[in-house]
Amino acid sequence: MSKTYYDPADLRKFGKITEWSEELGNKFFEYYGKVFEEGALTAREKSLIALAVAHTEQCPYCIDAYSKDGLQRGVTKEEMMEAIHVGAAIKSGATLVHGVQMMNKVNKLDG
Amino acid sequence: MGKLKTQSLQKRHSDLANTNKQLEILSGGIFADGELPTFKSKISETSQFPLTAKKLEILQVNVGYMCNQVCEHCHVDAGPDRKEIMTQETMQQILDVIKITGAHTLDLTGGAPEMNPNFRWFVEEASKIGVKDFIVRSNLTIIRANKKYYDLPDFFKKHNIHVVSSMPHWTRGKTDKQRGEGVFDMSIKALQELNARGYGMPGNDLRLDLVYNPSGAFLPGDQMAMEKDFKKALMEDFGIEFHNLFAITNLPIARFLDYLIASENYEDYMYALVEAYNPSAVANVMCTNTLSISWDGYLFDCDFNQMLELPVNSKAKHISEYNKDLLEGRNIVISQHCYGCTAGAGSSCQGVVA
């Protein structure tokens with residue numbers, strides 16, 4: 001048993017989740033594969049969205065996977081960093097927009 | 001052009017300049033302890049072992065390891081310090097063989113093939129024979145390296161040469177990182193000169209294809225999607241046209257192997273190659289229809305085996321001993337580097353194979 005919560009080598013074992021629940025695991029991977037296929041969005045655009053979400057979700061496996069995926073698709077460092085800023089902006093925006101709720105409450109209680 | 005990216009393994013007196021050391025690494029570690037299957041056991045799963053040579057279609061000739069560039073991942077370990085150069089005598093032996101093989105493609109590579117002093121003579125003589133597809137793998141910068149090469153685009157045009165050139169990315173930073181400072185700007189200028197002669201233009205028979213190989217420890221993406229991105233960027237930024245993009249996987253040998261080990265990416269890269277193994281790519285790997293000839297005339301199944309000094313498994317080992325019956329049907333010599341040609345959509349000097 002690992003003494004750390006995250007081991008980079010575990011990413012390679014992701015597919016093994018089907019071993020303990022084959023049907024659900026297979027359905028997930030089928031869905032996952034379909035989502036990332038070329039569609040109304042290009043696979044490259046989807047890769048950048050995934051990279052941004054990987055950061056907002058703070059998933060180290062996903063960050064490793066989509067940093068590499070981006071490189072494979074010719075995505076530049078600048079594009080990757082901009083995508084992460086989009087995620088960061090939404091995260092901080094999501095925090096700050098709740099400030100309106102705080103203001104509403106304070107105004108109601110103490111206006 | 002600015003400073004060279006690196007030095008050849010030979011010049012650095014690296015352990016990996018010894019091909020036995022490279023083969024030892026490729027057969028040891030994760031492959032020796034069974035963590036990953038060997039290439040032989042993998043292709044045996046689908047009854048594709050042994051791989052055998054079919055009818056010869058492509059003669060790939062390495063006319064020398066001398067190059068004006070020292071790219072980070074060069075599988076040839078080429079560079080200005082390499083003195084291995086094909087002689088006119090060996091070239092003549094190759095010309096004699098081309099006449100009798102019926103191979104439809106002649107593919108000249110290096111190093112920078114243009115740096116061989118007999119390059120132009122060889123091209124002139126070979127073009128008289130009339131192969132269907134006559135390729136020169138030009139690194140582009142050679143065209144602008146010295147005024148004695150400035151007329152190369154005209155020379156290529158005169159002999160209807162199919163120019164195939166490496167371009168790791170459509171941005172300066174990524175290209176220069178892999179191929180050396182100033183390579184991008186010189187390559188762009190060379191491409192514009194080729195375009196000016198009609199090379200790469202839509203509907204023009206003067207073929208200009210680009211080769212993309214990843215700049216680091218990752219596999220190439222989808223060839224068609226990459227081609228679309230390259231075409232869009234090179235047209236918008238520089239008005240450049242080309243015909244096709246070949247996406248080629250970096251094989252874990254020579255300087256790329258050195259890089260993988262030094263950057264601690266070797267195991268992950270081998271895992272990625274094995275995970276991406278595609279049995280349907282095996283049927284069309286280039287070693288089954290290609291013969292690779294080294295600067296000194298020896299025969300190999302492919303350019304990678306040539307660099308690993310793994311000669312053909314045949315009694316005919318030199319171009320002077322060429323014998324169709326001895327070479328056709330020979331068993332291809334394999335090791336774990338072969339996973340590089342069977343990953344994903346497969347990889348060959350002409351791009352994907354599956």
# chains A, B, ... in the order shown; residues from 1 in each chain; ligands from 1
>>> select_by_dssp(residues="range 100-349 of chain B", states="alpha helix (DSSP H)", output="PyMOL selection string")
chain B and resi 100-101+119-129+141-145+152-158+172-179+183-196+223-238+254-262+266-275+279-282+303-307+324-327
>>> residues_around(residues="range 261-268 of chain B", least_positions_apart="3", cutoff="8 Å", atoms="only C-alpha atoms", output="NGL selection string")
:B and (30 or 217 or 257-258 or 271-272)
>>> write_last_selection(atoms="N, CA and C atoms", output="PDB file, in the first residue's frame")
ATOM      1  N   ILE B  30      12.302  -3.039 -17.757  1.00  0.00           N
ATOM      2  CA  ILE B  30      10.880  -3.383 -17.779  1.00  0.00           C
ATOM      3  C   ILE B  30      10.545  -4.503 -18.758  1.00  0.00           C
ATOM      4  N   ALA B 217       8.782  13.836 -25.134  1.00  0.00           N
ATOM      5  CA  ALA B 217       8.507  12.437 -24.803  1.00  0.00           C
ATOM      6  C   ALA B 217       7.017  12.105 -24.908  1.00  0.00           C
ATOM      7  N   LEU B 257      16.762   8.302 -27.341  1.00  0.00           N
ATOM      8  CA  LEU B 257      16.871   7.398 -26.190  1.00  0.00           C
ATOM      9  C   LEU B 257      17.657   8.096 -25.077  1.00  0.00           C
ATOM     10  N   ASP B 258      18.727   8.750 -25.443  1.00  0.00           N
ATOM     11  CA  ASP B 258      19.538   9.489 -24.476  1.00  0.00           C
ATOM     12  C   ASP B 258      18.669  10.537 -23.764  1.00  0.00           C
ATOM     13  N   TYR B 271       5.910   2.557 -21.955  1.00  0.00           N
ATOM     14  CA  TYR B 271       4.528   2.197 -21.615  1.00  0.00           C
ATOM     15  C   TYR B 271       3.569   2.766 -22.657  1.00  0.00           C
ATOM     16  N   ALA B 272       3.773   4.034 -23.002  1.00  0.00           N
ATOM     17  CA  ALA B 272       2.869   4.681 -23.968  1.00  0.00           C
ATOM     18  C   ALA B 272       2.926   3.955 -25.315  1.00  0.00           C
TER      19      ALA B 272
END
>>> closest_atom_pairs(of="chain B", to="chain A", cutoff="9 Å", atoms="only C-alpha atoms", output="Markdown table")
| residue | atom | partner | partner_atom | distance |
| --- | --- | --- | --- | --- |
| B:His169 | CA | A:Gly74 | CA | 7.3 |
| B:Trp170 | CA | A:Gly74 | CA | 8.8 |
| B:Thr171 | CA | A:Thr76 | CA | 8.5 |
| B:Lys174 | CA | A:Thr76 | CA | 8.3 |
| B:Pro214 | CA | A:Gln72 | CA | 7.2 |
| B:Ser215 | CA | A:Leu71 | CA | 8.6 |
| B:Gly216 | CA | A:Leu71 | CA | 8.4 |
| B:Ala217 | CA | A:Lys68 | CA | 8.8 |
| B:Phe218 | CA | A:Gln72 | CA | 6.3 |
| B:Leu219 | CA | A:Gln72 | CA | 6.0 |
| B:Pro220 | CA | A:Gln72 | CA | 5.1 |
| B:Gly221 | CA | A:Gln72 | CA | 4.6 |
| B:Asp222 | CA | A:Arg73 | CA | 7.3 |
| B:Ala225 | CA | A:Arg73 | CA | 8.0 |
| B:Met226 | CA | A:Arg73 | CA | 6.8 |
| B:Asp229 | CA | A:Gly74 | CA | 8.3 |
| B:Asp268 | CA | A:Ala9 | CA | 8.7 |
| B:Tyr271 | CA | A:Arg12 | CA | 8.5 |
>>> write_last_selection(atoms="C-alpha atoms", output="PDB file, in the first residue's frame")
ATOM      1  CA  HIS B 169       5.925  22.746 -35.237  1.00  0.00           C
ATOM      2  CA  TRP B 170       4.449  25.809 -36.858  1.00  0.00           C
ATOM      3  CA  THR B 171       5.876  28.017 -34.111  1.00  0.00           C
ATOM      4  CA  LYS B 174       9.030  24.648 -30.481  1.00  0.00           C
ATOM      5  CA  PRO B 214       7.041  15.316 -31.558  1.00  0.00           C
ATOM      6  CA  SER B 215       9.418  17.687 -29.800  1.00  0.00           C
ATOM      7  CA  GLY B 216       9.415  15.662 -26.578  1.00  0.00           C
ATOM      8  CA  ALA B 217       8.507  12.437 -24.803  1.00  0.00           C
ATOM      9  CA  PHE B 218       5.047  12.013 -26.273  1.00  0.00           C
ATOM     10  CA  LEU B 219       3.469  10.365 -29.282  1.00  0.00           C
ATOM     11  CA  PRO B 220       2.251  12.272 -32.335  1.00  0.00           C
ATOM     12  CA  GLY B 221      -1.402  13.230 -32.511  1.00  0.00           C
ATOM     13  CA  ASP B 222      -3.771  12.454 -35.342  1.00  0.00           C
ATOM     14  CA  ALA B 225      -5.742  16.991 -37.623  1.00  0.00           C
ATOM     15  CA  MET B 226      -2.083  18.010 -37.352  1.00  0.00           C
ATOM     16  CA  ASP B 229      -3.362  22.885 -38.092  1.00  0.00           C
ATOM     17  CA  ASP B 268       6.610   6.154 -19.360  1.00  0.00           C
ATOM     18  CA  TYR B 271       4.528   2.197 -21.615  1.00  0.00           C
TER      19      TYR B 271
END
>>> atom_distance(atom1="CA of Gln60 in chain B", atom2="CA of Cys287 in chain B")
10.5 Å
>>> closest_residue(among="B:Tyr65, B:Phe155, B:Phe184, B:Phe39", to="Ser294 in chain B", atoms="only C-alpha atoms")
B:Tyr65
>>> residues_around(residues="His85 in chain A", least_positions_apart="5", cutoff="12 Å", atoms="only C-alpha atoms", output="list in words")
Leu48, Ile49, Leu51, Ala52, Val53, His55, Thr56, Glu78, Glu79, Met80, Ile90, Lys91, Ser92 and Gly93 of chain A
>>> write_last_selection(atoms="C-alpha atoms", output="tab-separated table (two decimals), in the first residue's frame")
chain	number	residue	atom	x	y	z
A	48	LEU	CA	-8.00	22.31	-23.90
A	49	ILE	CA	-11.36	22.30	-22.09
A	51	LEU	CA	-7.03	20.65	-19.31
A	52	ALA	CA	-8.78	23.66	-17.79
A	53	VAL	CA	-11.30	21.48	-15.95
A	55	HIS	CA	-7.05	22.20	-12.98
A	56	THR	CA	-10.27	23.46	-11.50
A	78	GLU	CA	0.73	29.71	-24.27
A	79	GLU	CA	-2.58	28.08	-25.26
A	80	MET	CA	-2.41	25.71	-22.30
A	90	ILE	CA	-14.43	31.01	-13.58
A	91	LYS	CA	-13.34	29.62	-10.21
A	92	SER	CA	-12.60	33.04	-8.77
A	93	GLY	CA	-15.65	34.52	-10.46
